[in-house]
>>> print(open('protein03.txt').read())   # compact mmCIF, C-alpha atoms
# COMPACT_ATOMS: atom_id res chain seq x y z
CA MET A 1 -12.24 1.09 -1.34
CA PRO A 2 -12.82 4.36 -3.21
CA ALA A 3 -10.45 5.08 -6.10
CA ASP A 4 -9.84 8.63 -4.90
CA PRO A 5 -10.49 9.19 -1.18
CA ASP A 6 -11.44 12.62 0.10
CA PHE A 7 -7.94 13.88 0.78
CA GLU A 8 -9.33 17.38 1.47
CA ALA A 9 -10.99 16.09 4.66
CA LEU A 10 -7.83 14.22 5.65
CA PHE A 11 -5.68 17.28 4.94
CA ALA A 12 -7.95 19.50 7.06
CA ALA A 13 -7.89 17.07 9.99
CA ALA A 14 -4.10 16.53 9.87
CA ALA A 15 -3.37 20.24 9.41
CA ALA A 16 -5.59 21.10 12.38
CA ILE A 17 -3.94 18.64 14.76
CA GLN A 18 -0.30 19.06 13.61
CA PRO A 19 0.29 22.31 15.55
CA ARG A 20 -0.82 20.51 18.74
CA ALA A 21 1.98 17.92 18.44
CA TYR A 22 4.30 17.74 21.43
CA ALA A 23 7.80 17.73 19.94
CA PRO A 24 10.16 19.65 22.26
CA TYR A 25 13.14 17.39 21.46
CA SER A 26 13.09 16.91 17.69
CA ARG A 27 11.04 20.05 16.99
CA VAL A 28 9.42 18.09 14.15
CA LYS A 29 5.67 18.42 14.61
CA VAL A 30 3.64 15.83 12.72
CA GLY A 31 -0.08 15.31 12.32
CA ALA A 32 -1.79 12.41 10.61
CA ALA A 33 -5.32 11.59 9.59
CA LEU A 34 -6.81 8.40 8.23
CA LEU A 35 -10.02 7.40 6.55
CA ALA A 36 -11.57 4.38 8.23
CA ASP A 37 -13.68 1.68 6.64
CA ASP A 38 -16.85 3.30 7.99
CA GLY A 39 -16.03 6.65 6.33
CA ALA A 40 -14.94 8.35 9.55
CA VAL A 41 -11.80 10.49 9.68
CA HIS A 42 -9.48 10.01 12.67
CA ALA A 43 -6.49 12.22 13.48
CA GLY A 44 -3.44 11.93 15.71
CA CYS A 45 -0.35 13.96 16.48
CA LYS A 46 3.21 13.15 17.45
CA VAL A 47 3.86 13.04 21.21
CA GLU A 48 7.51 12.89 22.25
CA ASN A 49 8.95 11.91 25.59
CA ALA A 50 12.32 12.62 27.21
CA ALA A 51 12.89 8.86 27.02
CA TYR A 52 12.73 8.83 23.20
CA PRO A 53 11.52 5.26 22.64
CA VAL A 54 8.33 5.83 24.60
CA GLY A 55 6.95 8.66 22.47
CA SER A 56 4.24 8.01 19.91
CA CYS A 57 3.93 8.91 16.27
CA ALA A 58 1.02 10.79 14.75
CA GLU A 59 0.02 7.75 12.70
CA ALA A 60 -0.11 5.60 15.85
CA GLY A 61 -2.38 8.17 17.50
CA ALA A 62 -4.73 8.22 14.51
CA ILE A 63 -4.87 4.41 14.46
CA ALA A 64 -5.62 4.32 18.19
CA ALA A 65 -8.43 6.84 17.69
CA MET A 66 -9.87 4.71 14.88
CA ILE A 67 -9.77 1.52 16.97
CA GLY A 68 -11.26 3.32 19.97
CA ALA A 69 -14.14 4.53 17.80
CA GLY A 70 -14.82 1.01 16.51
CA GLY A 71 -13.12 1.19 13.11
CA ARG A 72 -11.11 -1.81 11.96
CA ALA A 73 -9.72 -0.97 8.51
CA ILE A 74 -7.84 1.96 6.97
CA ARG A 75 -8.83 3.15 3.49
CA ALA A 76 -6.40 6.11 3.16
CA VAL A 77 -3.78 8.02 5.17
CA LEU A 78 -2.42 11.56 5.04
CA VAL A 79 0.71 12.61 6.96
CA PHE A 80 1.29 16.34 7.51
CA GLY A 81 4.70 17.76 8.37
CA GLU A 82 6.85 20.78 7.61
CA GLY A 83 10.31 21.18 6.13
CA ALA A 84 12.15 20.64 2.88
CA GLU A 85 12.09 16.83 3.10
CA LEU A 86 8.96 14.71 2.85
CA VAL A 87 7.66 13.57 6.25
CA THR A 88 6.73 9.98 5.47
CA PRO A 89 5.65 7.37 8.03
CA CYS A 90 8.57 5.81 9.90
CA GLY A 91 9.18 2.08 9.49
CA ALA A 92 7.24 1.19 12.62
CA CYS A 93 4.24 3.22 11.47
CA ARG A 94 4.34 1.66 8.04
CA GLN A 95 3.94 -1.69 9.80
CA ARG A 96 1.21 -0.27 12.09
CA ILE A 97 -0.70 0.92 9.03
CA ARG A 98 -0.23 -2.50 7.39
CA GLU A 99 -1.97 -4.18 10.31
CA PHE A 100 -5.21 -2.43 9.30
CA ALA A 101 -4.74 -1.69 5.60
CA ALA A 102 -4.33 -3.43 2.27
CA PRO A 103 -1.07 -2.86 0.39
CA GLU A 104 -2.84 -0.76 -2.28
CA ILE A 105 -4.24 1.94 0.04
CA PRO A 106 -3.12 5.48 -0.82
CA ILE A 107 -0.86 7.43 1.53
CA ALA A 108 -0.53 11.16 0.88
CA ILE A 109 2.35 13.22 2.25
CA ALA A 110 1.52 16.87 2.82
CA GLY A 111 2.85 20.15 4.14
CA PRO A 112 1.31 23.59 4.64
CA GLU A 113 1.31 24.12 0.87
CA GLY A 114 -0.78 21.00 0.19
CA ILE A 115 -0.18 17.42 -0.87
CA ARG A 116 3.45 16.94 -1.89
CA ALA A 117 3.53 13.23 -2.81
CA ARG A 118 1.33 10.15 -3.01
CA PHE A 119 2.35 6.55 -2.49
CA THR A 120 0.65 3.24 -1.95
CA LEU A 121 1.43 1.33 1.21
CA GLU A 122 3.07 -1.29 -1.02
CA GLU A 123 5.48 1.34 -2.35
CA LEU A 124 6.43 2.38 1.18
CA LEU A 125 6.49 -1.16 2.61
CA PRO A 126 7.15 -3.66 -0.20
CA ALA A 127 6.57 -7.37 0.34
CA SER A 128 5.09 -6.58 3.73
CA PHE A 129 4.28 -8.96 6.57
CA GLY A 130 0.67 -8.66 7.67
CA PRO A 131 -2.11 -10.48 9.46
CA ALA A 132 -2.55 -12.94 6.57
CA ASN A 133 1.01 -14.19 7.14
CA LEU A 134 0.08 -15.59 10.55
CA PRO A 135 -1.51 -19.00 10.99
CA ARG A 136 -5.18 -18.95 11.87
>>> encode(input="protein03.txt", output="structure tokens")
Amino acid sequence: MPADPDFEALFAAAAAIQPRAYAPYSRVKVGAALLADDGAVHAGCKVENAAYPVGSCAEAGAIAAMIGAGGRAIRAVLVFGEGAELVTPCGACRQRIREFAAPEIPIAIAGPEGIRARFTLEELLPASFGPANLPR
């Protein structure tokens, strides 16, 4: 895992997809990009639905794109959203990221002005439950 992933590439991908988000109910458009284990960047955007629980988060879309392209591990994540508050991954997405990432991976939170905060997955999801917790 690189010490400092190319957040410029992740920022560009998330910023490009964020305006395409479908968020007519919350009006909170979110884009996300991740760096896969093979060096590829995958992006996703939020897609809401009138039946709220069946929408999908930007992070989930990026993970699905990574899996569809053959990637199996996340090395870094950037989440792009607008507003005064940080747009961090929701609890479900923190767990989705954990399925494919080590606790120490970096997660950057960005807005139009650039990167606003950086966390590790462990900081956002302490003492997490992951694949290693399941019997093999």
>>> residues_around(input="protein03.txt", residues="region 24-29 of chain A", least_positions_apart="4", cutoff="7 Å", atoms="all atoms listed in the file", output="count of residues only")
4
>>> atom_distance(input="protein03.txt", atom1="CA of Cys90 (chain A)", atom2="CA of Pro5 (chain A)")
22.3 Å
>>> atom_distance(input="protein03.txt", atom1="CA of Glu82 (chain A)", atom2="CA of Ser56 (chain A)")
17.9 Å
>>> residues_around(input="protein03.txt", residues="Ala108 (chain A)", least_positions_apart="4", cutoff="9 Å", atoms="all atoms listed in the file", output="ChimeraX atom specification")
/A:7,11,76-80,88,115-120
>>> atom_distance(input="protein03.txt", atom1="CA of Ala33 (chain A)", atom2="CA of Gly114 (chain A)")
14.1 Å
>>> closest_residue(input="protein03.txt", among="A:Gly61, A:Ala110, A:Pro131, A:Met66", to="Ala15 (chain A)", atoms="all atoms listed in the file")
A:Ala110
>>> residues_near_point(input="protein03.txt", point="(6.6, -6.9, 3.0)", cutoff="12 Å", atoms="all atoms listed in the file", output="list of chain:residue names")
A:Gly91, A:Arg94, A:Gln95, A:Arg98, A:Glu99, A:Ala102, A:Pro103, A:Leu121, A:Glu122, A:Glu123, A:Leu124, A:Leu125, A:Pro126, A:Ala127, A:Ser128, A:Phe129, A:Gly130, A:Pro131, A:Ala132, A:Asn133
>>> closest_residue(input="protein03.txt", among="A:Ile105, A:Ala9, A:Ala58, A:Ala92", to="Ala21 (chain A)", atoms="only C-alpha atoms")
A:Ala58
>>> closest_residue(input="protein03.txt", among="A:Cys93, A:Val47, A:Ile107, A:Ile74", to="Ala23 (chain A)", atoms="all atoms listed in the file")
A:Val47
>>> closest_residue(input="protein03.txt", among="A:Gly68, A:Tyr22, A:Ile17, A:Ile109", to="Gly44 (chain A)", atoms="only C-alpha atoms")
A:Ile17
>>> closest_residue(input="protein03.txt", among="A:Gly83, A:Gly31, A:Pro135, A:Pro106", to="Cys57 (chain A)", atoms="only C-alpha atoms")
A:Gly31
>>> closest_residue(input="protein03.txt", among="A:Arg75, A:Arg136, A:Arg96, A:Arg20", to="Cys45 (chain A)", atoms="only C-alpha atoms")
A:Arg20
>>> build_atoms(input="protein03.txt", residues="region 98-109 of chain A", atoms="all heavy atoms", output="tab-separated table (two decimals), keeping the file's coordinate frame")
chain	number	residue	atom	x	y	z
A	98	ARG	N	-0.03	-1.21	8.07
A	98	ARG	CA	-0.23	-2.50	7.39
A	98	ARG	C	-1.14	-3.44	8.18
A	98	ARG	O	-1.88	-4.24	7.61
A	98	ARG	CB	1.13	-3.18	7.15
A	98	ARG	CG	1.04	-4.54	6.51
A	98	ARG	CD	0.46	-4.45	5.10
A	98	ARG	NE	0.34	-5.78	4.51
A	98	ARG	CZ	-0.76	-6.53	4.60
A	98	ARG	NH1	-1.84	-6.10	5.25
A	98	ARG	NH2	-0.78	-7.72	4.03
A	99	GLU	N	-1.11	-3.33	9.48
A	99	GLU	CA	-1.97	-4.18	10.31
A	99	GLU	C	-3.45	-3.98	9.96
A	99	GLU	O	-4.26	-4.91	10.08
A	99	GLU	CB	-1.75	-3.87	11.80
A	99	GLU	CG	-2.51	-4.74	12.75
A	99	GLU	CD	-2.04	-6.20	12.78
A	99	GLU	OE1	-0.91	-6.49	12.34
A	99	GLU	OE2	-2.81	-7.04	13.26
A	100	PHE	N	-3.81	-2.77	9.54
A	100	PHE	CA	-5.21	-2.43	9.30
A	100	PHE	C	-5.52	-2.02	7.86
A	100	PHE	O	-6.61	-1.54	7.58
A	100	PHE	CB	-5.62	-1.29	10.25
A	100	PHE	CG	-5.44	-1.65	11.70
A	100	PHE	CD1	-4.33	-1.20	12.40
A	100	PHE	CD2	-6.34	-2.48	12.34
A	100	PHE	CE1	-4.14	-1.55	13.73
A	100	PHE	CE2	-6.15	-2.84	13.67
A	100	PHE	CZ	-5.06	-2.38	14.37
A	101	ALA	N	-4.54	-2.18	6.97
A	101	ALA	CA	-4.74	-1.69	5.60
A	101	ALA	C	-4.19	-2.66	4.57
A	101	ALA	O	-3.22	-3.38	4.81
A	101	ALA	CB	-4.04	-0.35	5.44
A	102	ALA	N	-4.80	-2.64	3.41
A	102	ALA	CA	-4.33	-3.43	2.27
A	102	ALA	C	-3.13	-2.72	1.64
A	102	ALA	O	-3.00	-1.49	1.74
A	102	ALA	CB	-5.45	-3.57	1.25
A	103	PRO	N	-2.26	-3.47	1.00
A	103	PRO	CA	-1.07	-2.86	0.39
A	103	PRO	C	-1.38	-1.75	-0.62
A	103	PRO	O	-0.56	-0.84	-0.80
A	103	PRO	CB	-0.38	-4.04	-0.30
A	103	PRO	CG	-0.82	-5.23	0.50
A	103	PRO	CD	-2.24	-4.92	0.89
A	104	GLU	N	-2.54	-1.76	-1.25
A	104	GLU	CA	-2.84	-0.76	-2.28
A	104	GLU	C	-3.44	0.54	-1.76
A	104	GLU	O	-3.71	1.45	-2.55
A	104	GLU	CB	-3.76	-1.36	-3.35
A	104	GLU	CG	-5.14	-1.74	-2.85
A	104	GLU	CD	-5.24	-3.16	-2.30
A	104	GLU	OE1	-4.22	-3.85	-2.14
A	104	GLU	OE2	-6.37	-3.58	-1.99
A	105	ILE	N	-3.63	0.68	-0.45
A	105	ILE	CA	-4.24	1.94	0.04
A	105	ILE	C	-3.33	3.12	-0.28
A	105	ILE	O	-2.11	3.00	-0.25
A	105	ILE	CB	-4.60	1.92	1.54
A	105	ILE	CG1	-3.35	1.92	2.42
A	105	ILE	CG2	-5.54	0.79	1.88
A	105	ILE	CD1	-3.45	2.87	3.57
A	106	PRO	N	-3.92	4.29	-0.55
A	106	PRO	CA	-3.12	5.48	-0.82
A	106	PRO	C	-2.65	6.16	0.46
A	106	PRO	O	-3.39	6.22	1.45
A	106	PRO	CB	-4.07	6.38	-1.60
A	106	PRO	CG	-5.43	5.99	-1.12
A	106	PRO	CD	-5.35	4.51	-0.79
A	107	ILE	N	-1.43	6.64	0.42
A	107	ILE	CA	-0.86	7.43	1.53
A	107	ILE	C	-0.35	8.73	0.93
A	107	ILE	O	0.53	8.73	0.07
A	107	ILE	CB	0.28	6.67	2.23
A	107	ILE	CG1	-0.27	5.37	2.84
A	107	ILE	CG2	0.93	7.55	3.31
A	107	ILE	CD1	0.78	4.50	3.52
A	108	ALA	N	-0.93	9.84	1.37
A	108	ALA	CA	-0.53	11.16	0.88
A	108	ALA	C	0.40	11.81	1.90
A	108	ALA	O	0.19	11.69	3.11
A	108	ALA	CB	-1.75	12.04	0.65
A	109	ILE	N	1.41	12.50	1.41
A	109	ILE	CA	2.35	13.22	2.25
A	109	ILE	C	2.15	14.70	1.96
A	109	ILE	O	2.23	15.13	0.80
A	109	ILE	CB	3.81	12.80	1.94
A	109	ILE	CG1	3.95	11.26	1.96
A	109	ILE	CG2	4.78	13.49	2.89
A	109	ILE	CD1	3.54	10.60	3.26
